[in-house]
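J.: My questions all concern the structure below.
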Amino acid sequence: MISGLTLDSYDEGERNAMSDAMDIMARAFDPAYGEAWTLPQLAGVMTMPGTWLTIARIDAAPLGFALVRSVLDECELLLLAVSPLWRGRGVGETLLVESLKIARRRGITSMNLEVRASNTAIRLYEKIGFEYVHRRPGYYRGNDGQLHDALSFRIDMLR
Ligand SMILES: CC(C)(COP(=O)(O)OP(=O)(O)OC[C@H]1O[C@@H](n2cnc3c(N)ncnc32)[C@H](O)[C@@H]1OP(=O)(O)O)[C@@H](O)C(=O)NCCC(=O)NCCS
């Protein structure tokens with residue numbers, strides 16, 4: 001883990017935390033795929049019970065975030081993003097591991113996620129122990145109208 005990295009989690013739509021996440025959102029997602037969320041989308045999800053946002057910072061500057069929504073004993077990783085300048089240094093992995101720890105503390109037994117089939121994030125998910133579940137052909141539409149398959153993954157935390 002990068003020295004000085006801090007992780008803070010927020011259950012409600014705390015304005016500063018959402019603003020930090022939006023700051024990363026604007027830089028982390030390739031505009032070609034249209035995967036970045038808008039502030040109203042983020043704020044809407046943050047009002048739902050069982051949702052939490054974890055922000056990684058150094059010296060108060062945000063580097064990455066993870067957004068998770070839970071229902072009963074299952075949860076879904078909705079977004080994971082690290083600022084391009086900070087990639088490849090373990091920030092994404094640290095955020096994902098922290099999200100899993102928080103989920104376990106809340107009695108959640110599995111985490112699911114859906115990801116574009118060409119996204120290199122899949123390497124991270126597999127490294128952590130997520131297992132492939134199924135493929136949805138043409139599930140995402142990029143900003144250029146091109147369709148992309150989605151893969152879903154799951155990790156069972158009881159194992
Ligand atoms: C996916 C993402 C969060 C990874 O963040 P990161 O901080 O660079 O990842 P880490 O440095 O923690 O990588 C941990 C492991 O993941 C894998 N990994 C991460 N990025 C990878 C890449 N581009 N290519 C290959 N493997 C990769 C590696 O196994 C790596 O472990 P290693 O360094 O021991 O080999 C980041 O690339 C990102 O923000 N992407 C854009 C947003 C996005 O598409 N998010 C996922 C869908 S919501």
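Convention: chains lettered A, B, ... in structure tokens order; per-chain residue numbering from 1; ligands numbered from 1 as shown.
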Within 7 Å of ligand 1 (counting only C-alpha atoms and all ligand atoms), which residues show up? I'd like them as a list in words.

T.: Ala28, Phe29, Leu78, Leu79, Leu80, Ala81, Val82, Ser83, Pro84, Trp86, Arg87, Gly88, Arg89, Gly90, Val91, Gly92, Glu93, Thr94, Val115, Asn119, Thr120, Ala121, Arg123, Leu124 and Lys127 of chain A

J.: Excluding Ala17 of chain A and any residue of its chain fewer than 6 positions from it, enumerate the residues within 9 Å of it, using only C-alpha atoms, and give them as number ranges by chain.

T.: A: 8-10, 53-55

J.: What residues in segment 21-149 of chain A get the DSSP label alpha helix (DSSP H)? Please answer as a PyMOL selection string.

T.: chain A and resi 21-28+39-46+91-105+121-128

J.: How many Å lie between atom CA of Arg104 of chain A and atom CA of Glu126 of chain A, rounded to one decimal?

T.: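 Separation of atom CA of Arg104 of chain A and atom CA of Glu126 of chain A: 18.8 Å.
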
J.: Which residues come within 7 Å of Glu131 of chain A, counting only C-alpha atoms, excluding same-chain residues fewer than 4 positions away, as a VMD selection string?

T.: chain A and resid 126 153 to 155

J.: The selected residues should be written to file as a PDB file, in the first residue's frame (atoms: all heavy atoms).

T.:
ATOM      1  N   GLU A 126      -9.966 -10.854 -10.874  1.00  0.00           N
ATOM      2  CA  GLU A 126      -9.541 -12.264 -10.798  1.00  0.00           C
ATOM      3  C   GLU A 126      -8.439 -12.443  -9.758  1.00  0.00           C
ATOM      4  O   GLU A 126      -8.404 -13.442  -9.044  1.00  0.00           O
ATOM      5  CB  GLU A 126      -9.095 -12.746 -12.177  1.00  0.00           C
ATOM      6  CG  GLU A 126     -10.297 -12.916 -13.103  1.00  0.00           C
ATOM      7  CD  GLU A 126      -9.952 -13.336 -14.509  1.00  0.00           C
ATOM      8  OE1 GLU A 126      -8.809 -13.070 -14.942  1.00  0.00           O
ATOM      9  OE2 GLU A 126     -10.815 -13.889 -15.194  1.00  0.00           O
ATOM     10  N   PHE A 153     -19.117 -11.166 -12.555  1.00  0.00           N
ATOM     11  CA  PHE A 153     -18.229 -11.895 -11.649  1.00  0.00           C
ATOM     12  C   PHE A 153     -18.836 -11.873 -10.262  1.00  0.00           C
ATOM     13  O   PHE A 153     -19.622 -10.984  -9.926  1.00  0.00           O
ATOM     14  CB  PHE A 153     -16.845 -11.224 -11.592  1.00  0.00           C
ATOM     15  CG  PHE A 153     -16.012 -11.434 -12.815  1.00  0.00           C
ATOM     16  CD1 PHE A 153     -16.185 -10.638 -13.943  1.00  0.00           C
ATOM     17  CD2 PHE A 153     -15.054 -12.437 -12.855  1.00  0.00           C
ATOM     18  CE1 PHE A 153     -15.424 -10.831 -15.077  1.00  0.00           C
ATOM     19  CE2 PHE A 153     -14.283 -12.635 -13.987  1.00  0.00           C
ATOM     20  CZ  PHE A 153     -14.466 -11.831 -15.099  1.00  0.00           C
ATOM     21  N   ARG A 154     -18.395 -12.847  -9.449  1.00  0.00           N
ATOM     22  CA  ARG A 154     -18.926 -12.957  -8.091  1.00  0.00           C
ATOM     23  C   ARG A 154     -17.839 -13.500  -7.181  1.00  0.00           C
ATOM     24  O   ARG A 154     -17.043 -14.346  -7.604  1.00  0.00           O
ATOM     25  CB  ARG A 154     -20.109 -13.929  -8.145  1.00  0.00           C
ATOM     26  CG  ARG A 154     -20.734 -14.264  -6.818  1.00  0.00           C
ATOM     27  CD  ARG A 154     -21.818 -15.338  -7.063  1.00  0.00           C
ATOM     28  NE  ARG A 154     -22.403 -15.766  -5.821  1.00  0.00           N
ATOM     29  CZ  ARG A 154     -23.467 -15.206  -5.270  1.00  0.00           C
ATOM     30  NH1 ARG A 154     -24.072 -14.207  -5.873  1.00  0.00           N
ATOM     31  NH2 ARG A 154     -23.951 -15.643  -4.134  1.00  0.00           N
ATOM     32  N   ILE A 155     -17.826 -13.006  -5.962  1.00  0.00           N
ATOM     33  CA  ILE A 155     -16.946 -13.615  -4.963  1.00  0.00           C
ATOM     34  C   ILE A 155     -17.808 -14.024  -3.775  1.00  0.00           C
ATOM     35  O   ILE A 155     -18.647 -13.242  -3.311  1.00  0.00           O
ATOM     36  CB  ILE A 155     -15.785 -12.670  -4.557  1.00  0.00           C
ATOM     37  CG1 ILE A 155     -14.772 -13.410  -3.686  1.00  0.00           C
ATOM     38  CG2 ILE A 155     -16.268 -11.413  -3.843  1.00  0.00           C
ATOM     39  CD1 ILE A 155     -13.439 -12.676  -3.547  1.00  0.00           C
TER      40      ILE A 155
END

J.: What's around segment 112-114 of chain A at 10 Å? Count only C-alpha atoms, leave out sequence neighbours fewer than 3 positions away in its own chain, and write the answer as an MDAnalysis selection string.

T.: chainID A and resid 68:70 74:79 117 122 125 130:136 150:156

J.: Between A:Gly34, A:Gly107, A:Gly13, A:Gly129, single out the one closest to His148 of chain A, counting only C-alpha atoms.

T.: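 Ranking A:Gly34, A:Gly107, A:Gly13, A:Gly129 by distance to His148 of chain A, first place goes to A:Gly34.
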
J.: Report, in Å with one decimal, the straight-line distance from atom CA of Gly44 of chain A to atom CA of Glu12 of chain A.

T.: 10.4 Å

J.: At a cut-off of 12 Å, using only C-alpha atoms, what residues contact Gly145 of chain A? Leave out same-chain residues fewer than 4 positions from it and give the result as JSON, numbers by chain.

T.: {"A": [32, 33, 34, 138, 139, 140, 141]}

J.: Could you check which of A:Val45, A:Leu7, A:Ile102, A:Leu39 is closest to Gly64 of chain A, using only C-alpha atoms?

T.: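 Closest candidate: A:Leu7.
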
J.: When distances are computed from only C-alpha atoms, which of A:Met48, A:Ile128, A:Thr38, A:Asp20 shows the smallest separation from Phe65 of chain A?

T.: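 For Phe65 of chain A, the nearest of the candidates is A:Asp20.
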
J.: Distance atom CA of Asp11 of chain A-atom CA of Ser99 of chain A, one decimal place?

T.: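 Going from atom CA of Asp11 of chain A over to atom CA of Ser99 of chain A covers 12.3 Å.
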
J.: Which one of A:Ala21, A:Ala56, A:Ala61, A:Leu147 sits closest to Ser118 of chain A if you count only C-alpha atoms?

T.: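 That would be A:Leu147, the residue with the smallest distance to Ser118 of chain A.
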
J.: When you look at Arg106 of chain A with a cut-off of 10 Å (counting only C-alpha atoms), what residues show up, excluding the ones that are within fewer than 3 positions of it in the same chain? I need them as a list in words.

T.: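 Once the nearby chain positions are removed, what remains is Gly50, Ser70, Leu72, Asp73, Leu100, Lys101, Ile102, Ala103 and Thr109 of chain A.
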
J.: Select, from A:Asp149, A:Arg116, A:Leu95, A:Arg105, the residue with the minimum atom-to-atom distance to Arg57 of chain A, counting only C-alpha atoms.

T.: A:Leu95
